[in-house]
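Trainee: Below is one structure. I have some questions about it.
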There are 8 protein chains.
Amino acid sequence: MTKGKPLVRILMGSPNDLPVMEEAVKIMEHFKVEYDLTVTSAHRSPERTHQVVASAMDQGIEVFIVGAGGAAHLAGVVASLTTLPVIGVPIDSSSLQGMDALLSTVQMPGGVPVAAMAIGKGGAKNGGILAVQILAIKYPGLAKKMAEYKAAMAKEVEAQAKSSYDKNKNR
Amino acid sequence: MTKGKPLVRILMGSPNDLPVMEEAVKIMEHFKVEYDLTVTSAHRSPERTHQVVASAMDQGIEVFIVGAGGAAHLAGVVASLTTLPVIGVPIDSSSLQGMDALLSTVQMPGGVPVAAMAIGKGGAKNGGILAVQILAIKYPGLAKKMAEYKAAMAKEVEAQAKSSYDKNKNR
Amino acid sequence: MTKGKPLVRILMGSPNDLPVMEEAVKIMEHFKVEYDLTVTSAHRSPERTHQVVASAMDQGIEVFIVGAGGAAHLAGVVASLTTLPVIGVPIDSSSLQGMDALLSTVQMPGGVPVAAMAIGKGGAKNGGILAVQILAIKYPGLAKKMAEYKAAMAKEVEAQAKSSYDKNKNR
Amino acid sequence: MTKGKPLVRILMGSPNDLPVMEEAVKIMEHFKVEYDLTVTSAHRSPERTHQVVASAMDQGIEVFIVGAGGAAHLAGVVASLTTLPVIGVPIDSSSLQGMDALLSTVQMPGGVPVAAMAIGKGGAKNGGILAVQILAIKYPGLAKKMAEYKAAMAKEVEAQAKSSYDKNKNR
Amino acid sequence: MTKGKPLVRILMGSPNDLPVMEEAVKIMEHFKVEYDLTVTSAHRSPERTHQVVASAMDQGIEVFIVGAGGAAHLAGVVASLTTLPVIGVPIDSSSLQGMDALLSTVQMPGGVPVAAMAIGKGGAKNGGILAVQILAIKYPGLAKKMAEYKAAMAKEVEAQAKSSYDKNKNR
Amino acid sequence: MTKGKPLVRILMGSPNDLPVMEEAVKIMEHFKVEYDLTVTSAHRSPERTHQVVASAMDQGIEVFIVGAGGAAHLAGVVASLTTLPVIGVPIDSSSLQGMDALLSTVQMPGGVPVAAMAIGKGGAKNGGILAVQILAIKYPGLAKKMAEYKAAMAKEVEAQAKSSYDKNKNR
Amino acid sequence: MTKGKPLVRILMGSPNDLPVMEEAVKIMEHFKVEYDLTVTSAHRSPERTHQVVASAMDQGIEVFIVGAGGAAHLAGVVASLTTLPVIGVPIDSSSLQGMDALLSTVQMPGGVPVAAMAIGKGGAKNGGILAVQILAIKYPGLAKKMAEYKAAMAKEVEAQAKSSYDKNKNR
Amino acid sequence: MTKGKPLVRILMGSPNDLPVMEEAVKIMEHFKVEYDLTVTSAHRSPERTHQVVASAMDQGIEVFIVGAGGAAHLAGVVASLTTLPVIGVPIDSSSLQGMDALLSTVQMPGGVPVAAMAIGKGGAKNGGILAVQILAIKYPGLAKKMAEYKAAMAKEVEAQAKSSYDKNKNR
């Protein structure tokens with residue numbers, strides 16, 4: 001399934017967004033889902049944005065993960081140009097703590113959905129996981145891996161519980 | 001693909017949410033995607049919520065659409081219990097205009113994504129469309145229909161443009 | 001100057017926005033500035049949006065006034081496609097009272113300005129006035145009319161003051 | 001009353017919440033109320049959460065204090081699974097300064113209350129105090145200690161007043 | 001336990017708050033918990049407020065439920081004057097939709113907790129339920145009734161589910 | 001003291017603000033404090049605003065009460081032009097429920113205070129009361145009346161308490 | 001007028017508020033207005049609060065300046081206990097940046113005004129200035145000094161303008 | 001066109017705003033548009049503000065760019081005094097992250113527009129660009145330069161894309 005042809009395209013509005021969007025990249029790599037990643041701005045490079053979306057379907061892309069801050073239009077613009085699922089990650093890059101990016105990403109009009117994630121790194125990580133969950137409907141191997149991932153996560157909480165207990169006891 | 005076995009499960013936290021969530025139902029019916037729909041509360045009926053989620057995968061469900069208002073935990077609770085994609089629709093049912101439902105739905109911790117839609121009817125409609133977009137990755141027939149839907153939407157804007165022009169001219 | 005060739009293009013994201021954007025139209029008519037007006041959606045009709053912007057300069061348009069609600073991307077998308085001044089009017093069309101539209105309109109990234117107005121009818125009216133103020137730099141006749149308009153506005157306040165005084169006295 | 005069998009169960013959604021929730025621990029220790037403390041996530045470890053709540057009543061627990069950040073569902077999920085009083089402490093762990101955690105904690109639907117405290121350390125301290133106040137209805141010894149605590153607090157303000165006066169005088 | 005001597009004192013800042021606070025009254029009556037109810041304002045009648053709180057303990061009151069809107073200080077003032085548990089219900093009585101009342105109620109300083117409920121009627125109902133949950137620690141009869149109440153609530157959701165299913169089917 | 005020469009000048013930015021500002025007028029009339037009242041806009045009639053402020057001191061005015069909505073600059077502009085105390089009443093006249101007016105009124109820079117009241121009618125009433133409290137420092141007759149007013153207010157709460165009790169009993 | 005008997009009482013809810021409230025102190029000292037200053041908490045030391053307010057009038061106090069953070073009830077509680085003008089300074093001491101303190105201070109119910117200032121140091125400075133403006137109605141010497149202060153402020157802006165010009169030129 | 005006589009007047013409310021407003025200055029210098037820059041406060045130096053605006057038209061100024069924080073009235077006051085286009089830059093200088101400055105700048109009443117930019121440096125940069133876009137209607141040389149600027153911006157995104165790709169690859 002993932003022999004070199006990317007299934008997921010990760011876009012971000014500015015190179016400053018890379019430290020956030022790398023959380024999505026890590027998920028791609030954990031699940032061995034092929035992806036590509038680039039920078040394009042809804043506002044500063046509209047033609048480039050058009051190209052990276054328009055070319056996606058023919059290139060075999062099946063899901064977009066899009067991060068942007070401020071008046072975060074990038075995910076919405078991508079969604080206007082494709083029928084593939086578009087996941088939007090609001091990024092906290094203005095003085096308004098990402099509330100502007102969240103509302104610009106989530107309050108899409110009826111007809112053109114963007115799947116909004118939480119603001120910042122947790123949202124980017126979840127963007128990656130949701131992309132895998134979407135692909136897992138079609139690719140059974142991913143569904144199995146995702147079930148293992150979820151089980152491991154619950155295990156990790158138990159480990160954290162033990163460690164916190166010890167820390168509190170030894171205060 | 002959709003001969004009677006539902007692919008999409010629509011959940012809502014209260015029967016008052018039905019007028020909103022019917023927008024998702026209409027999309028299911030437009031695209032002839034089989035779905036089922038029920039009420040369950042994260043807080044008032046936690047066991048029932050557990051059951052309708054736990055049983056989903058074996059029943060062939062592939063996507064959840066979940067609407068809730070106030071401290072809208074239902075989509076998050078569903079997401080905690082499944083590896084299927086969960087779409088969350090915040091509903092404006094308190095004095096805070098749905099801002100509480102939006103933040104409770106979208107600000108999920110890393111590891112457990114919910115795909116948040118806009119607050120209210122537009123969000124429920126988009127929840128339906130996103131569910132179809134997700135299924136369309138696997139079911140090519142849906143992809144074709146979705147492309148037609150998108151084209152029709154653009155046509156409709158042209159018709160609206162003409163009608164608005166006339167209305168303004170005849171003021 | 002304004003013999004039939006429009007200088008101002010008024011765009012709105014939905015026909016529902018017409019009652020708001022008519023306030024800008026009234027200003028155009030008061031100042032006898034030629035304009036045209038149409039509906040186009042950043043998300044539902046991206047190609048149409050591209051066309052109505054791309055064609056503008058050759059058609060002699062000098063200013064855009066753009067109204068939109070929710071995740072109001074339309075003004076930003078227009079600004080990404082032109083070097084003409086773009087005035088954005090946030091419209092209160094979701095449960096969030098236009099705060100989503102305001103932030104989506106005003107928080108544009110460095111490089112691509114949108115001149116944001118107040119939410120709603122007052123903002124649409126001011127969008128019209130700002131368009132005239134911009135044109136008045138080039139067309140001295142408009143500057144003179146604008147000065148008269150401003151003087152009349154101050155006069156009107158005096159009349160309102162008298163009427164309020166009478167109303168209070170006669171309580 | 002407090003010979004080794006805990007009356008209060010302190011839960012938190014992440015080990016990162018420990019520095020906040022320790023404020024509740026300090027109150028337990030001040031009043032010599034037996035407690036236990038663990039980490040469990042509403043979203044990442046739903047079964048574990050179910051267990052730590054379901055087992056509580058038989059173990060003699062009488063009050064829960066629950067801290068969580070972001071889409072803070074943990075207190076609500078606990079409240080859905082018990083009839084014991086549940087105190088919720090919103091934690092500031094996202095870019096939204098705890099406003100998301102506050103609304104997710106406090107805006108519970110009719111039928112399933114969570115007693116919301118202030119965001120952060122002050123809230124965790126107050127969660128501890130409220131737990132003691134609740135227990136004090138049943139255990140008269142605690143009521144007496146609480147009255148002393150309150151009197152000491154007023155005394156402390158007088159000392160602070162003197163010290164502030166001196167600081168200001170010596171500026 | 002509840003033979004005529006009230007255990008719960010319900011206070012509200014204004015007679016306009018009665019329609020909201022009646023939701024707490026209904027819970028008292030459902031659980032047959034004796035209560036009394038009065039109006040007193042933190043700001044307009046500070047002495048009266050002092051009296052209704054100071055007299056409470058000797059009269060056998062064990063829990064306060066306090067509703068107020070705007071700069072909702074009443075619950076905090078009550079909490080400053082007693083060591084009994086104080087439940088605060090923010091009421092939406094200004095143009096700010098109860099956000100002012102919520103923050104004034106919940107953001108109490110360390111040392112003086114108020115158990116904040118959701119804004120409005122749901123919050124008042126939950127204030128009643130929390131009061132019963134608190135009393136149930138001491139009065140086993142109430143604990144049993146509360147368990148029945150919770151079970152009935154889950155049953156009611158099932159009935160709602162069936163009714164919603166029918167409504168949707170018959171659209 | 002109040003034989004026909006006004007001590008208080010009430011200003012409002014628009015005649016639409018009169019129903020709100022009449023609450024201040026009622027207080028003036030209750031305390032028999034001479035006042036005058038007019039409309040002037042910080043933005044639409046800056047010269048008129050300058051005049052009604054500049055002339056105030058010589059005319060014996062001692063306090064301003066100023067109401068405005070939206071980007072409510074009027075109180076701040078008045079404060080920039082006088083050394084008399086300026087009381088600002090934010091008015092809810094935009095889609096943002098008066099939050100814009102509140103922040104525009106209260107967040108004045110160091111050096112030029114405006115005494116901000118609550119949004120709307122309660123704020124206008126309080127603007128009147130604060131004006132009387134300020135004047136009462138100089139005019140002992142007003143201080144006495146204000147003490148009576150405060151006592152009557154506490155009495156009124158007692159009456160409200162009785163009436164609410166009866167209403168609840170007779171449900 | 002100010003020979004040792006304080007006219008202004010400065011209160012703050014916590015010794016942590018001293019660095020903010022010192023801005024009010026500096027104004028008192030600049031204008032040589034006698035003041036006293038102490039810490040008292042609306043919630044932790046209600047009796048002390050009652051005393052410092054109840055004793056004020058007899059001691060010759062004519063204005064209160066009150067700073068508090070979080071659910072900032074102190075100014076409101078002071079206002080409930082006096083007919084003297086009460087100036088409230090919201091302090092940014094929680095994760096909500098002082099928005100909680102602002103709303104708790106400004107949204108007072110009709111009948112009991114608090115003159116709210118901006119959040120933080122600028123607000124404390126302005127609290128001092130407003131206190132002087134209020135006293136200046138009665139004490140003509142202060143009015144004259146206030147006029148000089150205002151003139152000096154305008155002069156200072158001119159100096160700042162020159163310095164900024166130079167800084168920009170020399171970039 | 002720009003031989004020494006300024007076309008753009010940049011104003012700011014405080015010298016602390018210079019680091020933000022320099023972003024507008026850089027744009028002026030990039031496009032070789034003559035400008036002048038000064039500090040004036042709407043509140044602390046109202047006469048000076050009046051002068052720098054009243055003198056502008058005769059001096060050949062065609063656009064204002066105005067930055068201010070807090071209750072940011074400066075742009076609105078400038079707009080009340082001129083018929084030239086006024087661009088407002090909200091500055092984040094209080095604890096409210098510029099939300100106060102944004103609302104004070106953008107929510108202008110019908111009749112007196114301010115073209116609001118984003119909060120902070122990006123907004124100041126865009127203020128400069130919008131000023132150039134406005135002037136470009138009249139001065140064709142600027143229109144050509146602006147087209148080049150826009151093209152360069154799109155190019156820069158491509159370079160950023162390449163660099164981000166490399167950074168991600170080399171993690």
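Naming works like this for the structure tokens: A, B, ... for the chains as they're shown, residue 1 at the start of each chain, ligands 1 onward in shown order.
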Output as a ChimeraX atom specification the set of chain A residues within 6 Å of chain C, with distances taken over only C-alpha atoms.
Mentor: /A:43,70-71,80,100,103-104,107-108
Trainee: What residues in chain D get the DSSP label helix (DSSP H, G or I)? Please answer as number ranges by chain.
Mentor: D: 15-30, 46-54, 74-80, 99-106, 121-138, 140-169
Trainee: Need the shell around range 147-153 of chain D: protein/DNA/RNA residues with any atom at most 8 Å away, counting only C-alpha atoms. Skip same-chain ones fewer than 2 positions apart. Format as JSON, numbers by chain?
Mentor: {"D": [143, 144, 145, 155, 156, 157], "E": [83, 111], "G": [44, 45]}
Trainee: Using only C-alpha atoms, determine which residues lie at most 7 Å from range 50-65 of chain H, disregarding the query and same-chain residues fewer than 4 positions distant; provide the list as a PyMOL selection string.
Mentor: (chain C and resi 137) or (chain H and resi 6-11+46+78+81-82+84-88+127+131)
Trainee: Give me the residues within 10 Å of Lys162 in chain A as a list in words, counting only C-alpha atoms and dropping any in the same chain fewer than 5 places off.
Mentor: Glu156, Val157 and Lys167 of chain A; Pro15, Leu37, Thr38 and Val39 of chain D
Trainee: Would you save the residues of that selection, restricted to N, CA, C and O atoms, as a compact mmCIF listing (two decimals), in the first residue's frame?
Mentor:
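Result written to part-v5.txt:
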```
# COMPACT_ATOMS: atom_id res chain seq x y z
N GLU A 156 0.33 2.97 28.48
CA GLU A 156 1.22 4.07 28.87
C GLU A 156 0.61 4.87 30.03
O GLU A 156 1.33 5.33 30.91
N VAL A 157 -0.71 5.02 30.02
CA VAL A 157 -1.36 5.75 31.11
C VAL A 157 -1.13 5.00 32.43
O VAL A 157 -0.86 5.62 33.47
N LYS A 167 6.05 9.59 42.60
CA LYS A 167 6.50 10.97 42.78
C LYS A 167 5.77 11.62 43.94
O LYS A 167 6.36 12.29 44.77
N PRO D 15 0.12 12.92 33.80
CA PRO D 15 1.10 13.14 34.87
C PRO D 15 1.58 14.59 34.93
O PRO D 15 2.06 15.05 35.97
N LEU D 37 -4.44 8.73 45.01
CA LEU D 37 -4.23 9.61 43.85
C LEU D 37 -3.72 8.77 42.69
O LEU D 37 -2.81 7.95 42.88
N THR D 38 -4.29 8.97 41.52
CA THR D 38 -3.74 8.26 40.37
C THR D 38 -4.01 9.05 39.09
O THR D 38 -4.74 10.05 39.08
N VAL D 39 -3.35 8.59 38.02
CA VAL D 39 -3.55 9.17 36.70
C VAL D 39 -4.46 8.25 35.90
O VAL D 39 -4.26 7.03 35.90
```
Trainee: What does the distance between CA of Pro90 in chain F and CA of Ser163 in chain C come to in Å, to one decimal place?
Mentor: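 Going from CA of Pro90 in chain F over to CA of Ser163 in chain C covers 22.0 Å.
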Trainee: Step one, run DSSP on the backbone; step two, keep only residues of range 68-171 of chain B assigned to strand (DSSP E or B); then write them as an mmCIF file with N, CA and C atoms, in the first residue's frame.
Mentor:
```
data_model
loop_
_atom_site.group_PDB
_atom_site.id
_atom_site.type_symbol
_atom_site.label_atom_id
_atom_site.label_comp_id
_atom_site.auth_asym_id
_atom_site.auth_seq_id
_atom_site.Cartn_x
_atom_site.Cartn_y
_atom_site.Cartn_z
ATOM 1 N N ALA B 68 -23.411 17.109 19.997
ATOM 2 C CA ALA B 68 -23.704 17.350 21.413
ATOM 3 C C ALA B 68 -23.490 18.819 21.728
ATOM 4 N N GLY B 69 -24.155 19.305 22.794
ATOM 5 C CA GLY B 69 -24.036 20.701 23.208
ATOM 6 C C GLY B 69 -23.450 20.826 24.604
ATOM 7 N N VAL B 86 -14.172 9.649 14.046
ATOM 8 C CA VAL B 86 -15.303 10.247 14.766
ATOM 9 C C VAL B 86 -15.406 11.720 14.386
ATOM 10 N N ILE B 87 -16.542 12.081 13.850
ATOM 11 C CA ILE B 87 -16.799 13.470 13.463
ATOM 12 C C ILE B 87 -17.684 14.085 14.538
ATOM 13 N N GLY B 88 -17.274 15.257 15.065
ATOM 14 C CA GLY B 88 -18.021 15.895 16.155
ATOM 15 C C GLY B 88 -18.713 17.164 15.685
ATOM 16 N N VAL B 89 -19.979 17.294 16.021
ATOM 17 C CA VAL B 89 -20.751 18.485 15.665
ATOM 18 C C VAL B 89 -21.139 19.212 16.946
ATOM 19 N N PRO B 90 -20.526 20.385 17.222
ATOM 20 C CA PRO B 90 -20.903 21.144 18.424
ATOM 21 C C PRO B 90 -22.287 21.766 18.219
ATOM 22 N N ILE B 91 -23.120 21.690 19.226
ATOM 23 C CA ILE B 91 -24.488 22.195 19.116
ATOM 24 C C ILE B 91 -24.687 23.332 20.106
ATOM 25 N N ALA B 115 -12.900 14.889 14.711
ATOM 26 C CA ALA B 115 -12.929 15.820 13.585
ATOM 27 C C ALA B 115 -14.044 16.822 13.814
ATOM 28 N N ALA B 116 -13.682 18.007 14.333
ATOM 29 C CA ALA B 116 -14.714 18.975 14.713
ATOM 30 C C ALA B 116 -15.239 19.733 13.507
#
```
Trainee: Can you tell me how far CA of Gln133 in chain B sits from CA of Met12 in chain B, in Å to one decimal?
Mentor: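 Between these atoms lies a distance of 21.1 Å.
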